[in-house]
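Structure file data_34.txt (compact mmCIF, C-alpha atoms) follows.
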```txt
# COMPACT_ATOMS: atom_id res chain seq x y z
CA MET A 1094 105.19 110.65 141.74
CA SER A 1095 104.66 106.90 142.10
CA ASP A 1096 106.55 104.71 144.56
CA THR A 1097 109.79 104.09 142.64
CA ASN A 1098 110.28 100.70 144.30
CA ASN A 1099 107.17 99.31 142.61
CA SER A 1100 106.98 101.49 139.51
CA ILE A 1101 107.95 100.92 135.92
CA ARG A 1102 111.12 102.97 135.44
CA VAL A 1103 110.77 104.94 132.19
CA TYR A 1104 113.41 106.97 130.34
CA LEU A 1105 112.34 109.43 127.61
CA ILE A 1106 114.32 110.38 124.49
CA ASP A 1107 112.82 113.16 122.35
CA ASP A 1108 114.36 116.30 120.90
CA HIS A 1109 111.28 118.49 121.55
CA PRO A 1110 111.59 119.73 125.16
CA VAL A 1111 108.01 120.95 125.48
CA LEU A 1112 106.58 117.66 124.25
CA ARG A 1113 109.05 115.66 126.37
CA GLU A 1114 108.34 117.62 129.56
CA GLY A 1115 104.59 117.40 129.03
CA PHE A 1116 104.76 113.69 128.44
CA ALA A 1117 106.96 113.20 131.50
CA LYS A 1118 104.38 114.95 133.68
CA ALA A 1119 101.60 112.79 132.26
CA LEU A 1120 103.53 109.60 133.00
CA GLU A 1121 104.47 110.75 136.50
CA ALA A 1122 100.78 111.22 137.25
CA GLU A 1123 100.10 107.64 136.19
CA PRO A 1124 100.02 105.03 139.01
CA GLY A 1125 102.88 102.55 138.90
CA MET A 1126 105.04 104.59 136.54
CA THR A 1127 108.11 106.76 137.21
CA VAL A 1128 110.16 108.83 134.78
CA VAL A 1129 113.76 108.28 135.86
CA GLY A 1130 115.36 110.49 133.24
CA GLN A 1131 115.02 112.19 129.90
CA ALA A 1132 117.24 113.44 127.08
CA GLY A 1133 116.99 115.50 123.92
CA THR A 1134 120.04 114.01 122.22
CA ALA A 1135 121.46 110.55 121.65
CA ALA A 1136 124.73 111.55 123.32
CA ASP A 1137 123.00 112.58 126.56
CA ALA A 1138 120.84 109.47 126.57
CA LEU A 1139 123.70 107.04 126.04
CA ARG A 1140 125.72 108.81 128.74
CA GLU A 1141 122.93 108.42 131.32
CA VAL A 1142 121.06 105.17 130.71
CA GLN A 1143 123.84 102.83 131.80
CA SER A 1144 123.84 104.20 135.34
CA ILE A 1145 120.08 104.83 135.55
CA LYS A 1146 119.14 101.39 134.18
CA PRO A 1147 115.53 102.10 133.14
CA GLU A 1148 113.09 99.27 132.50
CA VAL A 1149 111.54 100.97 129.47
CA VAL A 1150 113.11 103.51 127.13
CA LEU A 1151 110.70 105.52 125.01
CA VAL A 1152 112.59 106.53 121.87
CA ASP A 1153 111.85 109.12 119.20
CA LEU A 1154 113.71 108.21 115.99
CA ASN A 1155 114.10 111.82 114.84
CA ILE A 1156 117.10 112.76 116.99
CA PRO A 1157 119.44 115.51 115.72
CA ASP A 1158 122.84 114.07 116.61
CA ARG A 1159 122.40 110.44 115.52
CA ASP A 1160 120.35 108.26 113.24
CA GLY A 1161 117.43 106.82 115.22
CA ILE A 1162 118.09 103.25 114.09
CA GLU A 1163 121.72 103.55 115.18
CA LEU A 1164 120.53 104.88 118.54
CA LEU A 1165 118.31 101.82 119.06
CA ALA A 1166 121.22 99.51 118.32
CA ALA A 1167 123.47 101.44 120.73
CA LEU A 1168 120.83 101.33 123.47
CA ARG A 1169 120.50 97.60 122.99
CA VAL A 1170 124.22 97.29 123.80
CA GLN A 1171 124.27 99.86 126.63
CA VAL A 1172 121.18 98.63 128.48
CA PRO A 1173 120.37 95.12 127.19
CA SER A 1174 117.81 94.55 129.93
CA ALA A 1175 115.72 97.60 128.98
CA LYS A 1176 112.67 97.34 126.73
CA LEU A 1177 112.85 99.78 123.80
CA LEU A 1178 109.55 101.33 122.74
CA VAL A 1179 109.61 103.63 119.72
CA LEU A 1180 107.24 106.60 119.68
CA SER A 1181 107.71 108.23 116.29
CA CYS A 1182 106.05 110.23 113.55
CA TYR A 1183 107.32 107.68 111.01
CA ASP A 1184 104.76 105.02 110.12
CA ASP A 1185 106.10 103.55 106.86
CA GLU A 1186 106.82 99.83 106.76
CA PHE A 1187 110.52 100.24 105.96
CA ARG A 1188 111.31 102.43 108.98
CA VAL A 1189 109.21 100.30 111.33
CA ALA A 1190 110.85 97.07 110.19
CA GLU A 1191 114.30 98.65 110.55
CA ALA A 1192 113.52 99.74 114.11
CA LEU A 1193 112.34 96.27 115.10
CA ARG A 1194 115.41 94.67 113.57
CA ALA A 1195 117.63 97.15 115.46
CA GLY A 1196 116.22 96.04 118.80
CA ALA A 1197 112.90 97.83 119.44
CA GLN A 1198 110.30 95.56 121.04
CA GLY A 1199 107.40 97.88 120.31
CA TYR A 1200 106.47 100.72 117.96
CA LEU A 1201 103.79 103.39 118.41
CA VAL A 1202 103.10 106.43 116.25
CA LYS A 1203 102.92 109.93 117.73
CA THR A 1204 99.28 110.29 116.70
CA SER A 1205 98.43 107.62 119.32
CA GLU A 1206 96.23 108.60 122.23
CA LEU A 1207 98.03 109.03 125.57
CA ALA A 1208 96.12 106.03 126.94
CA GLU A 1209 97.51 103.85 124.13
CA VAL A 1210 101.07 104.93 124.90
CA ILE A 1211 100.64 104.28 128.62
CA ASP A 1212 99.15 100.87 127.84
CA GLY A 1213 102.07 100.22 125.48
CA ILE A 1214 104.58 100.99 128.24
CA ARG A 1215 102.82 98.61 130.61
CA ARG A 1216 102.60 95.90 127.97
CA ILE A 1217 106.24 96.11 126.90
CA ALA A 1218 107.38 96.15 130.55
CA SER A 1219 105.54 92.86 131.09
CA GLY A 1220 107.00 91.23 127.98
CA GLY A 1221 104.52 92.32 125.32
CA ALA A 1222 105.21 93.85 121.91
CA PRO A 1223 102.88 96.82 121.42
CA LEU A 1224 102.29 98.06 117.87
CA SER A 1225 99.98 100.83 116.73
CA GLN A 1226 97.05 99.34 114.87
CA ARG A 1227 97.74 101.46 111.78
CA ILE A 1228 101.22 99.98 111.33
CA ALA A 1229 100.65 96.34 112.32
CA GLY A 1230 99.78 95.31 108.76
CA ALA A 1231 102.72 97.28 107.35
CA VAL A 1232 105.10 95.44 109.66
CA VAL A 1233 103.90 92.07 108.43
CA ARG A 1234 104.28 93.17 104.79
CA ALA A 1235 107.78 94.54 105.40
CA MET A 1236 108.98 91.40 107.14
CA ARG A 1237 107.68 89.25 104.30
CA LYS A 1238 109.09 91.41 101.53
CA PRO A 1239 112.46 90.21 100.17
CA ALA A 1240 115.26 92.73 99.73
CA PRO A 1241 115.67 93.94 96.14
CA GLU A 1242 118.06 91.80 94.14
CA GLY A 1243 121.64 93.06 94.33
CA THR A 1244 121.15 95.21 97.41
CA GLY A 1245 121.23 94.59 101.14
CA GLY A 1246 119.12 97.66 101.90
CA LEU A 1247 120.00 100.09 104.68
CA ASP A 1248 121.05 97.17 106.88
CA ALA A 1249 124.06 96.79 104.58
CA LEU A 1250 125.31 100.34 105.30
CA THR A 1251 127.81 101.17 108.01
CA PRO A 1252 126.90 103.86 110.58
CA ARG A 1253 129.15 106.36 108.76
CA GLU A 1254 127.54 105.52 105.40
CA ARG A 1255 124.13 106.18 106.95
CA GLN A 1256 125.31 109.59 108.10
CA VAL A 1257 126.64 110.43 104.65
CA LEU A 1258 123.46 109.15 102.99
CA ARG A 1259 121.23 111.27 105.21
CA LEU A 1260 123.20 114.45 104.46
CA LEU A 1261 123.61 113.89 100.72
CA ALA A 1262 119.95 112.93 100.30
CA ALA A 1263 118.97 116.14 102.11
CA GLY A 1264 120.80 118.13 99.45
CA ILE A 1265 123.92 118.91 101.46
CA SER A 1266 126.98 119.38 99.25
CA THR A 1267 129.98 117.05 99.35
CA ARG A 1268 132.15 119.80 100.87
CA GLU A 1269 129.59 120.67 103.57
CA THR A 1270 129.00 116.98 104.33
CA ALA A 1271 132.75 116.56 104.80
CA ALA A 1272 132.89 119.56 107.13
CA ARG A 1273 129.97 118.36 109.25
CA LEU A 1274 131.41 114.86 109.64
CA THR A 1275 135.02 116.05 110.00
CA ILE A 1276 136.24 113.97 107.06
CA SER A 1277 137.69 114.89 103.68
CA PRO A 1278 135.57 115.48 100.54
CA LYS A 1279 137.41 112.55 98.95
CA THR A 1280 136.24 110.28 101.77
CA VAL A 1281 132.67 111.48 101.26
CA GLU A 1282 132.91 110.56 97.59
CA THR A 1283 134.24 107.12 98.53
CA HIS A 1284 131.27 106.62 100.84
CA ARG A 1285 128.93 107.83 98.09
CA VAL A 1286 130.22 105.20 95.66
CA ARG A 1287 129.83 102.45 98.25
CA ILE A 1288 126.32 103.62 99.17
CA TYR A 1289 125.23 103.63 95.53
CA ALA A 1290 126.61 100.11 95.07
CA LYS A 1291 125.03 98.70 98.23
CA LEU A 1292 121.61 100.24 97.57
CA GLY A 1293 121.66 99.64 93.84
CA CYS A 1294 121.18 103.36 93.13
CA LYS A 1295 121.98 105.01 89.80
CA SER A 1296 121.10 108.63 90.56
CA ALA A 1297 120.85 111.20 93.34
CA VAL A 1298 117.08 111.32 92.87
CA GLU A 1299 116.81 107.60 93.51
CA LEU A 1300 119.04 107.94 96.56
CA THR A 1301 116.78 110.67 97.95
CA ARG A 1302 113.68 108.56 97.35
CA ILE A 1303 115.18 105.71 99.38
CA ALA A 1304 116.13 108.09 102.19
CA VAL A 1305 112.59 109.53 102.33
CA ARG A 1306 110.93 106.12 102.05
CA THR A 1307 112.96 104.71 104.93
CA GLY A 1308 112.58 107.81 107.11
CA LEU A 1309 116.23 108.92 107.09
CA ILE A 1310 115.02 112.33 105.93
CA GLU A 1311 111.59 113.93 105.80
CA ALA A 1312 109.88 114.57 102.49
```
Please re-express this file's structure in structure tokens.
Amino acid sequence: MSDTNNSIRVYLIDDHPVLREGFAKALEAEPGMTVVGQAGTAADALREVQSIKPEVVLVDLNIPDRDGIELLAALRVQVPSAKLLVLSCYDDEFRVAEALRAGAQGYLVKTSELAEVIDGIRRIASGGAPLSQRIAGAVVRAMRKPAPEGTGGLDALTPRERQVLRLLAAGISTRETAARLTISPKTVETHRVRIYAKLGCKSAVELTRIAVRTGLIEA
């Protein structure tokens, strides 16, 4: 382990324990880098980071108990001094742009070499904004692209509406969605109407396409 007084303090968030543990060991072996904590859920991460105060938080967006974009926004509030570096399987322009708007200062894809991730951690810790080469162009296109007329995109949805969207788009029934979120089926239907209006959707198929395109669910 590196000298913690002079090391970059890194916190890992990933729901795959084998991958997370392996990555933690690789970072611990790297000079000038210390893993100060790790979590497999958003709840655990948000409970710990405030007291640990890491310099860099490496975030996987595919977390089971919370939407990844919501997690980034929550981390930005909990530890405003930390640099948020996304390491995700999602590489589409919509998801990347959303992550950056939510507070991420860098974005790398999971197909990156270990050396690229380590370099990204060092760069973001020193004020840089690392982006995987394969998504850099997509980010520029997404930032330049205007939102479709009549819709504010996913940014217009509340956290609860995002949760409902993710479940409905994944084919979960209204009744099961209500049970999972501890709300009534009528409330789910109210959220559905609002989601359709905000996103400009006219069918469940279109809703699912948006959810897949933006990375809320996997194809």
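Comparing A:Ser1181, A:Ser1174, A:Thr1275, A:Ser1225 by their smallest distance to Asp1107 in chain A, the closest is A:Ser1181 (using only C-alpha atoms).
The space between CA of Ala1218 in chain A and CA of Glu1148 in chain A spans 6.8 Å.
Compared by their closest atoms to Phe1116 in chain A, and using all atoms listed in the file, the residues A:Val1189, A:Leu1261, A:Val1128, A:Val1150 rank with A:Val1128 nearest.
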Per-residue nearest contacts of range 1182-1288 of chain A to range 1293-1310 of chain A (10 Å; only C-alpha atoms) as a tab-separated table:
```
residue	atom	partner	partner_atom	distance
A:Cys1182	CA	A:Gly1308	CA	9.5
A:Tyr1183	CA	A:Gly1308	CA	6.5
A:Asp1184	CA	A:Gly1308	CA	8.8
A:Asp1185	CA	A:Thr1307	CA	7.2
A:Glu1186	CA	A:Thr1307	CA	8.1
A:Phe1187	CA	A:Thr1307	CA	5.2
A:Arg1188	CA	A:Thr1307	CA	4.9
A:Val1189	CA	A:Thr1307	CA	8.6
A:Ala1190	CA	A:Thr1307	CA	9.5
A:Glu1191	CA	A:Thr1307	CA	8.4
A:Pro1241	CA	A:Gly1293	CA	8.6
A:Glu1242	CA	A:Gly1293	CA	8.6
A:Gly1243	CA	A:Gly1293	CA	6.6
A:Thr1244	CA	A:Gly1293	CA	5.7
A:Gly1245	CA	A:Gly1293	CA	8.9
A:Gly1246	CA	A:Gly1293	CA	8.7
A:Leu1247	CA	A:Thr1307	CA	8.4
A:Arg1255	CA	A:Leu1309	CA	8.4
A:Gln1256	CA	A:Leu1309	CA	9.2
A:Leu1258	CA	A:Ala1304	CA	7.4
A:Arg1259	CA	A:Leu1309	CA	5.8
A:Leu1260	CA	A:Ile1310	CA	8.6
A:Leu1261	CA	A:Thr1301	CA	8.0
A:Ala1262	CA	A:Thr1301	CA	4.5
A:Ala1263	CA	A:Ile1310	CA	6.7
A:Gly1264	CA	A:Thr1301	CA	8.6
A:Arg1285	CA	A:Ala1297	CA	10.0
A:Val1286	CA	A:Cys1294	CA	9.6
A:Arg1287	CA	A:Gly1293	CA	9.7
A:Ile1288	CA	A:Cys1294	CA	7.9
```
Include C-alpha atoms and write out the residues we just selected as a PDB file, in the coordinates of the input.
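Final output, saved to selection-v4.pdb:
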```pdb
ATOM      1  CA  CYS A1182     106.050 110.230 113.550  1.00  0.00           C
ATOM      2  CA  TYR A1183     107.320 107.680 111.010  1.00  0.00           C
ATOM      3  CA  ASP A1184     104.760 105.020 110.120  1.00  0.00           C
ATOM      4  CA  ASP A1185     106.100 103.550 106.860  1.00  0.00           C
ATOM      5  CA  GLU A1186     106.820  99.830 106.760  1.00  0.00           C
ATOM      6  CA  PHE A1187     110.520 100.240 105.960  1.00  0.00           C
ATOM      7  CA  ARG A1188     111.310 102.430 108.980  1.00  0.00           C
ATOM      8  CA  VAL A1189     109.210 100.300 111.330  1.00  0.00           C
ATOM      9  CA  ALA A1190     110.850  97.070 110.190  1.00  0.00           C
ATOM     10  CA  GLU A1191     114.300  98.650 110.550  1.00  0.00           C
ATOM     11  CA  PRO A1241     115.670  93.940  96.140  1.00  0.00           C
ATOM     12  CA  GLU A1242     118.060  91.800  94.140  1.00  0.00           C
ATOM     13  CA  GLY A1243     121.640  93.060  94.330  1.00  0.00           C
ATOM     14  CA  THR A1244     121.150  95.210  97.410  1.00  0.00           C
ATOM     15  CA  GLY A1245     121.230  94.590 101.140  1.00  0.00           C
ATOM     16  CA  GLY A1246     119.120  97.660 101.900  1.00  0.00           C
ATOM     17  CA  LEU A1247     120.000 100.090 104.680  1.00  0.00           C
ATOM     18  CA  ARG A1255     124.130 106.180 106.950  1.00  0.00           C
ATOM     19  CA  GLN A1256     125.310 109.590 108.100  1.00  0.00           C
ATOM     20  CA  LEU A1258     123.460 109.150 102.990  1.00  0.00           C
ATOM     21  CA  ARG A1259     121.230 111.270 105.210  1.00  0.00           C
ATOM     22  CA  LEU A1260     123.200 114.450 104.460  1.00  0.00           C
ATOM     23  CA  LEU A1261     123.610 113.890 100.720  1.00  0.00           C
ATOM     24  CA  ALA A1262     119.950 112.930 100.300  1.00  0.00           C
ATOM     25  CA  ALA A1263     118.970 116.140 102.110  1.00  0.00           C
ATOM     26  CA  GLY A1264     120.800 118.130  99.450  1.00  0.00           C
ATOM     27  CA  ARG A1285     128.930 107.830  98.090  1.00  0.00           C
ATOM     28  CA  VAL A1286     130.220 105.200  95.660  1.00  0.00           C
ATOM     29  CA  ARG A1287     129.830 102.450  98.250  1.00  0.00           C
ATOM     30  CA  ILE A1288     126.320 103.620  99.170  1.00  0.00           C
TER      31      ILE A1288
END
```
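The two atoms in question, CA of Ala1197 in chain A and CA of Leu1178 in chain A, are spaced 5.9 Å apart.
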Could you check the closest approach to Arg1194 in chain A for each of A:Asp1158, A:Glu1114, A:Asp1212, A:Asp1248 and tell me which residue wins, using only C-alpha atoms?
A:Asp1248
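Counting from CA of Gln1143 in chain A, the distance to CA of Leu1165 in chain A is 13.9 Å.
With distances taken over all atoms listed in the file, A:Thr1270 is the one residue among A:Ser1144, A:Thr1127, A:Thr1270, A:Gln1171 lying closest to His1284 in chain A.
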Could you check the closest approach to Ala1175 in chain A for each of A:Leu1207, A:Leu1250, A:Val1149, A:Ile1101 and tell me which residue wins, using all atoms listed in the file?
A:Val1149
Long-range neighbours of Lys1118 in chain A as a list in words, 12 Å cut-off, all atoms listed in the file, 4 positions minimum in chain:
Met1094, Ser1095, Val1103, Leu1105, Val1111, Leu1112, Arg1113, Glu1114, Ala1122, Glu1123, Met1126, Thr1127, Val1128, Val1129, Gly1130, Gln1131 and Leu1207 of chain A
Pick the closest to Leu1292 in chain A from A:Arg1268, A:Ala1249, A:Lys1279, A:Ser1100: which is it, counting only C-alpha atoms?
A:Ala1249
When you look at Leu1274 in chain A with a cut-off of 10 Å (counting all atoms listed in the file), what residues show up, excluding the ones that are within fewer than 2 positions of it in the same chain? I need them as a list in words.
Arg1253, Gln1256, Val1257, Leu1260, Glu1269, Thr1270, Ala1271, Ala1272, Ile1276, Ser1277 and Val1281 of chain A
